[in-house]
file run-v3.cif (mmCIF, C-alpha atoms)
data_entry
loop_
_atom_site.label_atom_id
_atom_site.label_comp_id
_atom_site.auth_asym_id
_atom_site.auth_seq_id
_atom_site.Cartn_x
_atom_site.Cartn_y
_atom_site.Cartn_z
CA MET Z 27 -35.02 -16.48 5.08
CA ALA Z 28 -32.01 -18.81 5.10
CA LYS Z 29 -29.27 -18.07 2.60
CA ARG Z 30 -28.86 -20.39 -0.36
CA ASP Z 31 -25.68 -22.39 -0.76
CA TYR Z 32 -23.11 -20.31 -2.65
CA TYR Z 33 -22.32 -23.16 -5.05
CA GLU Z 34 -26.05 -23.52 -5.77
CA VAL Z 35 -26.32 -19.78 -6.42
CA LEU Z 36 -23.62 -20.01 -9.12
CA GLY Z 37 -24.88 -23.37 -10.43
CA LEU Z 38 -21.59 -25.13 -9.66
CA GLU Z 39 -20.27 -28.26 -7.99
CA LYS Z 40 -18.06 -27.92 -4.90
CA SER Z 41 -15.12 -29.11 -7.00
CA ALA Z 42 -15.47 -26.17 -9.41
CA SER Z 43 -12.23 -24.51 -10.49
CA LYS Z 44 -11.49 -20.80 -10.15
CA GLU Z 45 -12.04 -20.34 -13.88
CA GLU Z 46 -15.44 -22.06 -13.70
CA ILE Z 47 -16.41 -19.83 -10.77
CA LYS Z 48 -15.36 -16.73 -12.72
CA LYS Z 49 -17.27 -17.76 -15.87
CA ALA Z 50 -20.41 -18.56 -13.89
CA TYR Z 51 -20.25 -15.18 -12.12
CA ARG Z 52 -19.82 -13.23 -15.35
CA LYS Z 53 -22.78 -14.97 -16.95
CA LEU Z 54 -25.13 -14.47 -14.00
CA ALA Z 55 -23.93 -10.91 -13.29
CA ARG Z 56 -24.85 -9.91 -16.84
CA GLN Z 57 -28.19 -11.72 -16.54
CA TYR Z 58 -29.33 -10.11 -13.29
CA HIS Z 59 -27.63 -6.70 -13.31
CA PRO Z 60 -30.30 -4.07 -12.49
CA ASP Z 61 -29.20 -1.88 -15.40
CA VAL Z 62 -30.08 -4.72 -17.79
CA ASN Z 63 -32.71 -6.81 -16.00
CA LYS Z 64 -35.79 -4.86 -14.92
CA GLU Z 65 -37.47 -7.71 -13.04
CA ALA Z 66 -38.45 -6.93 -9.45
CA ASP Z 67 -36.04 -9.43 -7.88
CA ALA Z 68 -33.09 -8.80 -10.24
CA ALA Z 69 -31.23 -6.57 -7.78
CA ASP Z 70 -31.51 -9.15 -4.99
CA LYS Z 71 -30.31 -11.93 -7.28
CA PHE Z 72 -27.40 -9.79 -8.50
CA LYS Z 73 -26.40 -9.11 -4.89
CA GLU Z 74 -26.66 -12.83 -4.06
CA VAL Z 75 -24.47 -13.77 -7.05
CA LYS Z 76 -21.87 -11.11 -6.17
CA GLU Z 77 -21.73 -12.28 -2.55
CA ALA Z 78 -21.26 -15.90 -3.63
CA TYR Z 79 -18.48 -14.96 -6.07
CA GLU Z 80 -16.60 -12.79 -3.55
CA THR Z 81 -16.49 -15.73 -1.15
CA LEU Z 82 -15.72 -18.59 -3.54
CA SER Z 83 -13.12 -16.67 -5.57
CA ASN Z 84 -11.06 -16.05 -2.42
CA ASP Z 85 -9.11 -19.17 -1.39
CA GLN Z 86 -9.16 -18.35 2.32
CA LYS Z 87 -12.85 -17.45 2.42
CA ARG Z 88 -13.75 -20.46 0.29
CA ALA Z 89 -11.90 -22.86 2.62
CA GLN Z 90 -13.66 -21.31 5.60
CA TYR Z 91 -17.06 -21.53 3.86
CA ASP Z 92 -16.48 -25.16 2.81
CA GLN Z 93 -15.71 -26.06 6.43
CA PHE Z 94 -18.29 -24.02 8.33
CA GLY Z 95 -20.86 -22.89 5.74
CA HIS Z 96 -22.55 -19.49 6.14
CA ALA Z 97 -21.90 -19.54 9.89
CA GLY Z 98 -18.18 -19.37 9.18
CA MET Z 99 -18.58 -16.06 7.33
CA ASN Z 100 -19.78 -14.10 10.37
CA GLY Z 101 -16.45 -12.75 11.39
CA GLY Z 102 -13.30 -14.28 9.99
CA GLN Z 103 -12.36 -16.80 12.72
CA GLY Z 104 -14.48 -19.91 12.43
CA PHE Z 105 -17.93 -19.35 13.91
CA GLY Z 106 -17.22 -15.71 14.75
CA GLY Z 107 -14.14 -16.57 16.85
CA PHE Z 108 -12.98 -13.95 19.27
CA GLY Z 109 -13.24 -11.31 16.56
CA GLY Z 110 -16.54 -12.45 15.05
CA SER Z 111 -20.17 -11.73 15.70
CA ALA Z 112 -21.42 -15.05 17.13
CA ASP Z 113 -23.07 -14.86 20.55
CA PHE Z 114 -22.35 -18.48 21.57
CA GLY Z 115 -25.91 -19.72 21.40
CA GLY Z 116 -27.54 -16.83 23.24
CA PHE Z 117 -24.95 -16.47 26.03
CA GLY Z 118 -23.86 -13.06 24.73
CA ASP Z 119 -26.14 -11.23 27.15
CA ILE Z 120 -24.76 -13.24 30.08
CA PHE Z 121 -21.20 -12.27 29.14
CA ASP Z 122 -22.32 -8.66 28.86
CA MET Z 123 -23.93 -8.79 32.29
CA PHE Z 124 -20.89 -10.14 34.14
CA PHE Z 125 -18.13 -8.45 32.20
CA GLY Z 126 -19.70 -5.10 31.40
CA GLY Z 127 -20.42 -5.76 27.72
CA GLY Z 128 -18.00 -3.07 26.60
CA GLY Z 129 -15.21 -5.32 25.41
CA ARG Z 130 -16.86 -6.20 22.12
CA ARG Z 131 -18.41 -2.83 21.32
CA ARG Z 132 -16.80 -0.21 19.15
CA ASP Z 133 -16.47 3.25 20.56
CA PRO Z 134 -19.02 5.31 18.59
CA ASN Z 135 -16.76 8.34 18.87
CA ALA Z 136 -13.70 6.53 17.51
CA PRO Z 137 -12.60 7.24 13.92
CA GLN Z 138 -14.46 5.02 11.45
CA GLN Z 139 -13.68 4.38 7.81
CA GLY Z 140 -16.38 5.39 5.34
CA ALA Z 141 -18.38 2.82 3.39
CA ASP Z 142 -17.19 1.60 -0.02
CA LEU Z 143 -19.18 2.51 -3.12
CA GLN Z 144 -19.76 0.59 -6.34
CA TYR Z 145 -20.35 2.01 -9.81
CA THR Z 146 -21.12 -0.05 -12.93
CA MET Z 147 -19.63 1.19 -16.20
CA ILE Z 148 -20.65 -0.24 -19.58
CA LEU Z 149 -17.95 -0.10 -22.29
CA ASP Z 150 -17.94 -0.78 -26.01
CA PHE Z 151 -15.75 -3.68 -27.14
CA GLU Z 152 -13.04 -1.37 -28.51
CA GLU Z 153 -13.08 0.86 -25.40
CA ALA Z 154 -12.23 -2.16 -23.27
CA ILE Z 155 -9.38 -3.05 -25.63
CA PHE Z 156 -7.75 0.37 -25.75
CA GLY Z 157 -8.91 1.90 -22.45
CA LYS Z 158 -10.21 5.41 -21.92
CA GLU Z 159 -10.30 8.34 -19.53
CA THR Z 160 -13.65 9.77 -18.54
CA ASP Z 161 -15.61 11.52 -15.80
CA ILE Z 162 -18.36 9.73 -13.91
CA SER Z 163 -20.99 11.10 -11.55
CA VAL Z 164 -21.30 9.16 -8.31
CA PRO Z 165 -23.96 9.90 -5.64
CA LYS Z 166 -22.20 10.04 -2.26
CA GLU Z 167 -22.47 11.67 1.12
CA GLU Z 168 -20.82 15.09 1.44
CA LYS Z 169 -20.52 17.54 4.32
CA CYS Z 170 -23.65 19.66 4.66
CA ASP Z 171 -22.97 23.23 3.50
CA THR Z 172 -25.68 24.66 5.77
CA CYS Z 173 -24.36 23.38 9.11
CA HIS Z 174 -20.79 22.63 7.98
CA GLY Z 175 -21.15 19.05 9.19
CA SER Z 176 -22.26 19.78 12.77
CA GLY Z 177 -25.86 18.63 12.21
CA ALA Z 178 -27.14 21.58 14.25
CA LYS Z 179 -29.32 24.43 13.02
CA PRO Z 180 -27.19 27.48 12.12
CA GLY Z 181 -26.78 29.67 15.22
CA THR Z 182 -27.14 26.67 17.56
CA LYS Z 183 -24.81 23.88 18.59
CA ALA Z 184 -24.85 20.38 19.99
CA GLU Z 185 -25.08 19.99 23.77
CA THR Z 186 -23.56 17.45 26.12
CA CYS Z 187 -25.96 14.58 26.77
CA SER Z 188 -27.45 15.06 30.24
CA HIS Z 189 -28.11 11.33 30.67
CA CYS Z 190 -24.56 9.99 30.12
CA HIS Z 191 -22.81 13.32 30.81
CA GLY Z 192 -20.93 13.10 27.53
CA SER Z 193 -19.48 9.61 28.09
CA GLY Z 194 -21.76 7.92 25.54
CA GLN Z 195 -22.48 5.08 28.00
CA LEU Z 196 -25.00 4.37 30.73
CA ASN Z 197 -24.15 2.28 33.79
CA THR Z 198 -26.77 0.20 35.60
CA GLU Z 199 -26.26 -1.89 38.73
CA GLN Z 200 -27.72 -5.35 39.09
CA ASN Z 201 -27.75 -7.86 41.93
CA THR Z 202 -26.57 -11.34 40.94
CA PRO Z 203 -25.64 -14.52 42.84
CA PHE Z 204 -22.06 -13.28 42.57
CA GLY Z 205 -22.83 -9.90 44.09
CA ARG Z 206 -23.57 -6.49 42.65
CA VAL Z 207 -22.27 -5.97 39.10
CA VAL Z 208 -22.27 -2.94 36.83
CA ASN Z 209 -23.78 -3.33 33.39
CA ARG Z 210 -22.48 -0.76 30.90
CA ARG Z 211 -24.57 0.02 27.83
CA VAL Z 212 -24.43 2.51 24.98
CA CYS Z 213 -26.52 5.55 25.82
CA HIS Z 214 -29.70 5.31 23.77
CA TYR Z 215 -30.47 9.01 24.19
CA CYS Z 216 -27.43 10.16 22.20
CA ASN Z 217 -26.61 6.85 20.46
CA GLY Z 218 -23.23 6.81 22.17
CA THR Z 219 -22.03 10.14 20.79
CA GLY Z 220 -22.21 11.94 24.12
CA LYS Z 221 -23.99 14.86 22.48
CA ILE Z 222 -27.58 15.81 21.70
CA ILE Z 223 -28.69 18.28 19.02
CA PRO Z 224 -31.68 20.27 20.34
CA GLU Z 225 -32.35 21.98 16.99
CA LYS Z 226 -31.38 19.95 13.96
CA CYS Z 227 -30.26 21.39 10.66
CA ALA Z 228 -33.22 21.55 8.27
CA THR Z 229 -31.04 20.66 5.29
CA CYS Z 230 -29.45 17.45 6.54
CA GLY Z 231 -31.85 16.56 9.37
CA GLY Z 232 -29.04 16.47 11.90
CA ASN Z 233 -26.87 13.99 10.01
CA GLY Z 234 -24.22 16.53 9.08
CA THR Z 235 -24.07 15.13 5.54
CA VAL Z 236 -26.24 15.26 2.41
CA LYS Z 237 -26.28 13.14 -0.74
CA LYS Z 238 -24.63 14.85 -3.71
CA ASN Z 239 -23.51 13.80 -7.18
CA LYS Z 240 -19.72 13.92 -7.15
CA LYS Z 241 -17.79 14.09 -10.43
CA ILE Z 242 -14.79 11.74 -10.41
CA HIS Z 243 -12.17 11.41 -13.15
CA ILE Z 244 -11.14 7.81 -13.79
CA LYS Z 245 -8.73 6.06 -16.12
CA ILE Z 246 -9.81 2.72 -17.60
CA PRO Z 247 -6.68 0.66 -18.37
CA ALA Z 248 -6.27 -0.89 -21.82
CA GLY Z 249 -7.19 -4.57 -21.94
CA ILE Z 250 -9.73 -4.55 -19.12
CA ASP Z 251 -12.26 -7.36 -19.47
CA ASP Z 252 -15.90 -7.91 -18.68
CA GLY Z 253 -16.52 -8.47 -14.95
CA GLN Z 254 -13.26 -6.90 -13.78
CA GLN Z 255 -13.28 -3.93 -11.44
CA ILE Z 256 -11.11 -0.91 -10.70
CA ARG Z 257 -10.49 0.25 -7.13
CA ILE Z 258 -10.16 4.01 -6.61
CA ALA Z 259 -8.86 4.58 -3.12
CA GLY Z 260 -10.51 7.24 -0.96
CA LYS Z 261 -13.40 7.99 -3.34
CA GLY Z 262 -16.07 6.18 -1.32
CA GLU Z 263 -18.22 7.60 1.48
CA PRO Z 264 -16.45 9.98 3.88
CA GLY Z 265 -15.21 8.60 7.18
CA LYS Z 266 -16.69 9.49 10.55
CA ASN Z 267 -14.99 11.16 13.47
CA GLY Z 268 -11.90 11.87 11.39
CA GLY Z 269 -11.69 8.37 9.92
CA PRO Z 270 -10.51 7.73 6.33
CA ALA Z 271 -12.91 7.67 3.39
CA GLY Z 272 -13.98 4.40 1.83
CA ASP Z 273 -13.06 3.26 -1.67
CA LEU Z 274 -14.90 3.35 -4.98
CA TYR Z 275 -15.10 0.14 -7.02
CA VAL Z 276 -15.89 0.58 -10.73
CA VAL Z 277 -17.29 -2.70 -12.11
CA ILE Z 278 -16.84 -3.13 -15.87
CA GLN Z 279 -19.37 -4.57 -18.29
CA VAL Z 280 -18.44 -4.90 -21.98
CA ARG Z 281 -20.97 -4.87 -24.81
CA ASN Z 282 -20.87 -7.73 -27.30
CA HIS Z 283 -19.33 -7.07 -30.72
CA ASP Z 284 -21.01 -8.03 -34.01
CA PHE Z 285 -17.87 -9.66 -35.42
CA PHE Z 286 -15.32 -10.23 -32.64
CA THR Z 287 -15.44 -12.29 -29.47
CA ARG Z 288 -12.87 -12.32 -26.71
CA GLU Z 289 -11.40 -14.88 -24.33
CA GLY Z 290 -8.78 -13.45 -22.02
CA ASP Z 291 -6.33 -11.45 -24.13
CA ASN Z 292 -7.15 -13.31 -27.36
CA ILE Z 293 -9.71 -12.16 -29.93
CA PHE Z 294 -11.64 -14.57 -32.17
CA CYS Z 295 -13.60 -14.09 -35.38
CA GLU Z 296 -14.89 -16.03 -38.37
CA LEU Z 297 -13.74 -15.30 -41.92
CA PRO Z 298 -16.28 -16.05 -44.68
CA LEU Z 299 -14.71 -17.39 -47.90
CA THR Z 300 -16.22 -18.51 -51.17
CA PHE Z 301 -15.63 -22.03 -52.42
CA ALA Z 302 -13.35 -20.67 -55.14
CA GLN Z 303 -11.23 -18.68 -52.68
CA ALA Z 304 -10.78 -21.70 -50.45
CA ALA Z 305 -10.05 -24.09 -53.31
CA LEU Z 306 -7.72 -21.86 -55.36
CA GLY Z 307 -6.23 -19.75 -52.57
CA ASP Z 308 -6.37 -15.98 -52.22
CA GLU Z 309 -5.03 -12.96 -50.37
CA VAL Z 310 -7.72 -11.13 -48.37
CA GLU Z 311 -7.91 -8.17 -46.07
CA VAL Z 312 -9.07 -9.03 -42.57
CA PRO Z 313 -10.39 -6.53 -39.98
CA THR Z 314 -8.75 -6.44 -36.55
CA VAL Z 315 -9.26 -4.01 -33.67
CA HIS Z 316 -5.87 -2.55 -34.67
CA GLY Z 317 -6.79 -2.04 -38.33
CA LYS Z 318 -6.90 -4.06 -41.54
CA VAL Z 319 -4.24 -6.67 -42.27
CA LYS Z 320 -3.63 -8.89 -45.29
CA LEU Z 321 -3.96 -12.66 -44.86
CA LYS Z 322 -2.80 -15.23 -47.39
CA ILE Z 323 -5.23 -18.12 -47.85
CA PRO Z 324 -3.46 -21.26 -49.11
CA ALA Z 325 -5.11 -23.29 -51.90
CA GLY Z 326 -7.21 -26.14 -50.56
CA THR Z 327 -8.10 -24.43 -47.29
CA GLN Z 328 -10.89 -26.30 -45.50
CA THR Z 329 -13.76 -24.83 -43.52
CA GLY Z 330 -12.83 -24.69 -39.81
CA LYS Z 331 -9.16 -23.94 -40.51
CA THR Z 332 -7.80 -21.37 -38.00
CA PHE Z 333 -5.14 -18.74 -38.68
CA ARG Z 334 -3.36 -16.75 -35.97
CA LEU Z 335 -2.42 -13.09 -36.20
CA LYS Z 336 0.25 -12.62 -33.54
CA GLY Z 337 -0.09 -9.52 -31.37
CA LYS Z 338 -3.43 -8.47 -32.85
CA GLY Z 339 -5.44 -9.30 -29.73
CA ALA Z 340 -6.04 -7.31 -26.55
CA PRO Z 341 -3.23 -5.91 -24.40
CA ASN Z 342 -2.89 -7.59 -21.03
CA VAL Z 343 -4.47 -5.33 -18.42
CA ARG Z 344 -1.48 -5.88 -16.10
CA GLY Z 345 1.05 -5.11 -18.82
CA TYR Z 346 2.11 -8.69 -19.56
CA GLY Z 347 2.28 -8.55 -23.35
CA GLN Z 348 -0.36 -8.68 -26.05
CA GLY Z 349 -2.87 -11.33 -27.09
CA ASP Z 350 -3.43 -12.72 -30.60
CA GLN Z 351 -6.31 -12.74 -33.05
CA HIS Z 352 -7.54 -16.15 -34.17
CA ILE Z 353 -9.39 -16.36 -37.49
CA LYS Z 354 -11.57 -19.36 -38.25
CA VAL Z 355 -12.40 -19.99 -41.90
CA ARG Z 356 -15.98 -20.68 -42.88
CA ILE Z 357 -16.88 -21.61 -46.43
CA VAL Z 358 -20.14 -19.95 -47.49
CA THR Z 359 -22.30 -21.55 -50.14
CA PRO Z 360 -23.56 -19.00 -52.71
CA THR Z 361 -27.26 -18.51 -53.45
CA ASN Z 362 -29.22 -17.05 -56.39
CA LEU Z 363 -26.91 -18.66 -58.96
CA THR Z 364 -27.42 -17.94 -62.66
CA GLU Z 365 -28.06 -20.82 -65.02
CA ARG Z 366 -24.53 -20.45 -66.39
CA GLN Z 367 -23.06 -20.73 -62.88
CA LYS Z 368 -25.21 -23.75 -62.13
CA ASP Z 369 -24.12 -25.46 -65.33
CA ILE Z 370 -20.46 -24.90 -64.48
CA LEU Z 371 -20.97 -26.30 -60.97
CA ARG Z 372 -22.86 -29.29 -62.34
CA GLU Z 373 -20.03 -29.97 -64.77
CA PHE Z 374 -17.51 -29.65 -61.95
CA ASN Z 375 -19.62 -31.93 -59.79
CA GLU Z 376 -19.76 -34.57 -62.50
CA ILE Z 377 -16.00 -34.46 -62.90
CA ALA Z 378 -15.48 -34.58 -59.12
CA GLY Z 379 -18.14 -37.27 -58.67
CA ASN Z 380 -19.99 -35.50 -55.84
CA GLU Z 381 -23.64 -34.75 -55.31
CA ALA Z 382 -24.59 -31.10 -55.68
CA THR Z 383 -26.09 -29.31 -52.66
CA GLU Z 384 -27.25 -25.75 -52.06
CA GLU Z 385 -27.27 -24.11 -48.64
CA GLN Z 386 -28.65 -20.75 -47.61
CA GLU Z 387 -26.05 -18.08 -46.94
CA ASP Z 388 -26.31 -16.78 -43.36
CA SER Z 389 -25.55 -13.31 -42.15
CA LEU Z 390 -21.79 -13.95 -41.75
CA PHE Z 391 -20.87 -11.96 -44.85
CA LYS Z 392 -22.98 -9.04 -43.63
CA ARG Z 393 -21.31 -9.01 -40.22
CA PHE Z 394 -17.90 -9.31 -41.87
CA LYS Z 395 -18.56 -6.36 -44.15
CA LYS Z 396 -19.84 -4.29 -41.23
CA ALA Z 397 -16.69 -4.94 -39.21
CA PHE Z 398 -14.52 -4.36 -42.27
CA LYS Z 399 -16.06 -0.94 -42.90
CA GLY Z 400 -15.91 -0.02 -39.22
CA GLU Z 401 -19.64 0.56 -39.01
#

call {"tool": "encode", "arguments": {"input": "run-v3.cif", "output": "structure tokens"}}
result
Amino acid sequence: MAKRDYYEVLGLEKSASKEEIKKAYRKLARQYHPDVNKEADAADKFKEVKEAYETLSNDQKRAQYDQFGHAGMNGGQGFGGFGGSADFGGFGDIFDMFFGGGGRRRDPNAPQQGADLQYTMILDFEEAIFGKETDISVPKEEKCDTCHGSGAKPGTKAETCSHCHGSGQLNTEQNTPFGRVVNRRVCHYCNGTGKIIPEKCATCGGNGTVKKNKKIHIKIPAGIDDGQQIRIAGKGEPGKNGGPAGDLYVVIQVRNHDFFTREGDNIFCELPLTFAQAALGDEVEVPTVHGKVKLKIPAGTQTGKTFRLKGKGAPNVRGYGQGDQHIKVRIVTPTNLTERQKDILREFNEIAGNEATEEQEDSLFKRFKKAFKGE
């Protein structure tokens, strides 16, 4: 099935900015992540969203995609280029026939880097702010303890392939209008390794590796945000034929907080005030992720007024300073008034010349108290 347009996958126009691409990815990644979404196609949609983001968030890849579409992503040089995977409209076999076909094939016995791994870690809001150190368990391939990585049954060993004589390649001759040419192919008896295992290890089935849960200690830096990832070099799958191991990418997801929200390094919250506090002024204690602070409310403060607490936000994950906390005032109308309270308000209303109204108090006070108490 043909791939969908990357911009369509993220629900964006082609003129979308980097910030818009990032926001769209975060929203969709949370929506379709398999740990959260249990629908049958959630994993495929998450993979599609991740692939679209990795391309469009990279300036070079995005320019190549905008020019050539999905065909331009097959190698890294236009439509596969000389280092890509395009076969020039089906002429790949003809090139193989006349020029041996070995120029574009990787030596199966050459060192190969191991595959990268990805691990999703879910953090509480405060854990993302302050960072943490922890151990995670990652399933990865490890050398088989039974055969010590040889793939052969203990007491036996691999033998040289009798078909390719250990070269890993088979040569066939073919008559063409240009004369007799030699066509060189990877040996399908030994898959190009040059060796055959007569009796395979019962533990690993001849692979030489088995899947094990590997404990890895990681350090989450303070200030990390939702959707960001940490690269741990050399903690991916082991390399082959002496090649280096792949890397481990830890993708961060942050749980929502009842009282705080975050944008970049800044933290936002709403402060519920009574009409009297706003009208007469007051000094209140406000919760922050760094502890309680006192905030002076000037007399006549209006709903929607925002105060800034400098340096009370999240630390920058790259060490570039500290964000702020922004507090937005919201005047909450009281409910369940006594007759005496109503009379006073009616008298005030008559003096002020306004019509009296009563609104239902929402859950803001409850969320404020919960954050204040650290529940």

call {"tool": "residues_around", "arguments": {"input": "run-v3.cif", "residues": "Tyr79 of chain Z", "least_positions_apart": "4", "cutoff": "8 Å", "atoms": "all atoms listed in the file", "output": "ChimeraX atom specification"}}
result
/Z:32,36,47-48,51,75,83

call {"tool": "atom_distance", "arguments": {"input": "run-v3.cif", "atom1": "atom CA of Thr146 of chain Z", "atom2": "atom CA of Asp61 of chain Z"}}
result
8.6 Å

call {"tool": "resolve_selection", "arguments": {"input": "run-v3.cif", "expression": "the PyMOL selection byres ((chain Z and resi 355-368) around 7)", "output": "list in words"}}
result
Glu296, Leu297, Pro298, Leu299, Thr300, Phe301, Thr329, Gly330, Lys331, Thr332, Ile353, Lys354, Asp369, Ile370, Leu371, Arg372, Glu384, Glu385, Gln386 and Glu387 of chain Z

call {"tool": "write_last_selection", "arguments": {"input": "run-v3.cif", "atoms": "C-alpha atoms", "output": "PDB file, keeping the file's coordinate frame"}}
result
ATOM      1  CA  GLU Z 296     -14.890 -16.030 -38.370  1.00  0.00           C
ATOM      2  CA  LEU Z 297     -13.740 -15.300 -41.920  1.00  0.00           C
ATOM      3  CA  PRO Z 298     -16.280 -16.050 -44.680  1.00  0.00           C
ATOM      4  CA  LEU Z 299     -14.710 -17.390 -47.900  1.00  0.00           C
ATOM      5  CA  THR Z 300     -16.220 -18.510 -51.170  1.00  0.00           C
ATOM      6  CA  PHE Z 301     -15.630 -22.030 -52.420  1.00  0.00           C
ATOM      7  CA  THR Z 329     -13.760 -24.830 -43.520  1.00  0.00           C
ATOM      8  CA  GLY Z 330     -12.830 -24.690 -39.810  1.00  0.00           C
ATOM      9  CA  LYS Z 331      -9.160 -23.940 -40.510  1.00  0.00           C
ATOM     10  CA  THR Z 332      -7.800 -21.370 -38.000  1.00  0.00           C
ATOM     11  CA  ILE Z 353      -9.390 -16.360 -37.490  1.00  0.00           C
ATOM     12  CA  LYS Z 354     -11.570 -19.360 -38.250  1.00  0.00           C
ATOM     13  CA  ASP Z 369     -24.120 -25.460 -65.330  1.00  0.00           C
ATOM     14  CA  ILE Z 370     -20.460 -24.900 -64.480  1.00  0.00           C
ATOM     15  CA  LEU Z 371     -20.970 -26.300 -60.970  1.00  0.00           C
ATOM     16  CA  ARG Z 372     -22.860 -29.290 -62.340  1.00  0.00           C
ATOM     17  CA  GLU Z 384     -27.250 -25.750 -52.060  1.00  0.00           C
ATOM     18  CA  GLU Z 385     -27.270 -24.110 -48.640  1.00  0.00           C
ATOM     19  CA  GLN Z 386     -28.650 -20.750 -47.610  1.00  0.00           C
ATOM     20  CA  GLU Z 387     -26.050 -18.080 -46.940  1.00  0.00           C
TER      21      GLU Z 387
END

call {"tool": "residues_around", "arguments": {"input": "run-v3.cif", "residues": "Arg281 of chain Z", "least_positions_apart": "3", "cutoff": "9 Å", "atoms": "all atoms listed in the file", "output": "JSON, numbers by chain"}}
result
{"Z": [148, 149, 150, 151, 252]}

call {"tool": "closest_residue", "arguments": {"input": "run-v3.cif", "among": "Z:Ala248, Z:Ala304, Z:Gly337, Z:Gln57", "to": "Ala325 of chain Z", "atoms": "all atoms listed in the file"}}
result
Z:Ala304

call {"tool": "resolve_selection", "arguments": {"input": "run-v3.cif", "expression": "the PyMOL selection byres ((chain Z and resi 312-318) around 9)", "output": "PyMOL selection string"}}
result
chain Z and resi 152+155+286+293+297+310-311+319-321+338-340+351+353+394+397-400

call {"tool": "write_last_selection", "arguments": {"input": "run-v3.cif", "atoms": "C-alpha atoms", "output": "compact mmCIF listing (two decimals), in the coordinates of the input"}}
result
# COMPACT_ATOMS: atom_id res chain seq x y z
CA GLU Z 152 -13.04 -1.37 -28.51
CA ILE Z 155 -9.38 -3.05 -25.63
CA PHE Z 286 -15.32 -10.23 -32.64
CA ILE Z 293 -9.71 -12.16 -29.93
CA LEU Z 297 -13.74 -15.30 -41.92
CA VAL Z 310 -7.72 -11.13 -48.37
CA GLU Z 311 -7.91 -8.17 -46.07
CA VAL Z 319 -4.24 -6.67 -42.27
CA LYS Z 320 -3.63 -8.89 -45.29
CA LEU Z 321 -3.96 -12.66 -44.86
CA LYS Z 338 -3.43 -8.47 -32.85
CA GLY Z 339 -5.44 -9.30 -29.73
CA ALA Z 340 -6.04 -7.31 -26.55
CA GLN Z 351 -6.31 -12.74 -33.05
CA ILE Z 353 -9.39 -16.36 -37.49
CA PHE Z 394 -17.90 -9.31 -41.87
CA ALA Z 397 -16.69 -4.94 -39.21
CA PHE Z 398 -14.52 -4.36 -42.27
CA LYS Z 399 -16.06 -0.94 -42.90
CA GLY Z 400 -15.91 -0.02 -39.22

call {"tool": "resolve_selection", "arguments": {"input": "run-v3.cif", "expression": "the PyMOL selection byres ((chain Z and resi 194) around 10)", "output": "list in words"}}
result
Asp133, Pro134, Asn135, Thr186, Cys187, His189, Cys190, His191, Gly192, Ser193, Gln195, Leu196, Arg211, Val212, Cys213, His214, Tyr215, Cys216, Asn217, Gly218, Thr219, Gly220 and Lys221 of chain Z

call {"tool": "write_last_selection", "arguments": {"input": "run-v3.cif", "atoms": "C-alpha atoms", "output": "compact mmCIF listing (two decimals), in the coordinates of the input"}}
result
# COMPACT_ATOMS: atom_id res chain seq x y z
CA ASP Z 133 -16.47 3.25 20.56
CA PRO Z 134 -19.02 5.31 18.59
CA ASN Z 135 -16.76 8.34 18.87
CA THR Z 186 -23.56 17.45 26.12
CA CYS Z 187 -25.96 14.58 26.77
CA HIS Z 189 -28.11 11.33 30.67
CA CYS Z 190 -24.56 9.99 30.12
CA HIS Z 191 -22.81 13.32 30.81
CA GLY Z 192 -20.93 13.10 27.53
CA SER Z 193 -19.48 9.61 28.09
CA GLN Z 195 -22.48 5.08 28.00
CA LEU Z 196 -25.00 4.37 30.73
CA ARG Z 211 -24.57 0.02 27.83
CA VAL Z 212 -24.43 2.51 24.98
CA CYS Z 213 -26.52 5.55 25.82
CA HIS Z 214 -29.70 5.31 23.77
CA TYR Z 215 -30.47 9.01 24.19
CA CYS Z 216 -27.43 10.16 22.20
CA ASN Z 217 -26.61 6.85 20.46
CA GLY Z 218 -23.23 6.81 22.17
CA THR Z 219 -22.03 10.14 20.79
CA GLY Z 220 -22.21 11.94 24.12
CA LYS Z 221 -23.99 14.86 22.48

call {"tool": "closest_residue", "arguments": {"input": "run-v3.cif", "among": "Z:Val236, Z:Ala50, Z:Met147, Z:Leu82", "to": "Ile278 of chain Z", "atoms": "only C-alpha atoms"}}
result
Z:Met147

call {"tool": "atom_distance", "arguments": {"input": "run-v3.cif", "atom1": "atom CA of Thr235 of chain Z", "atom2": "atom CA of Asp171 of chain Z"}}
result
8.4 Å
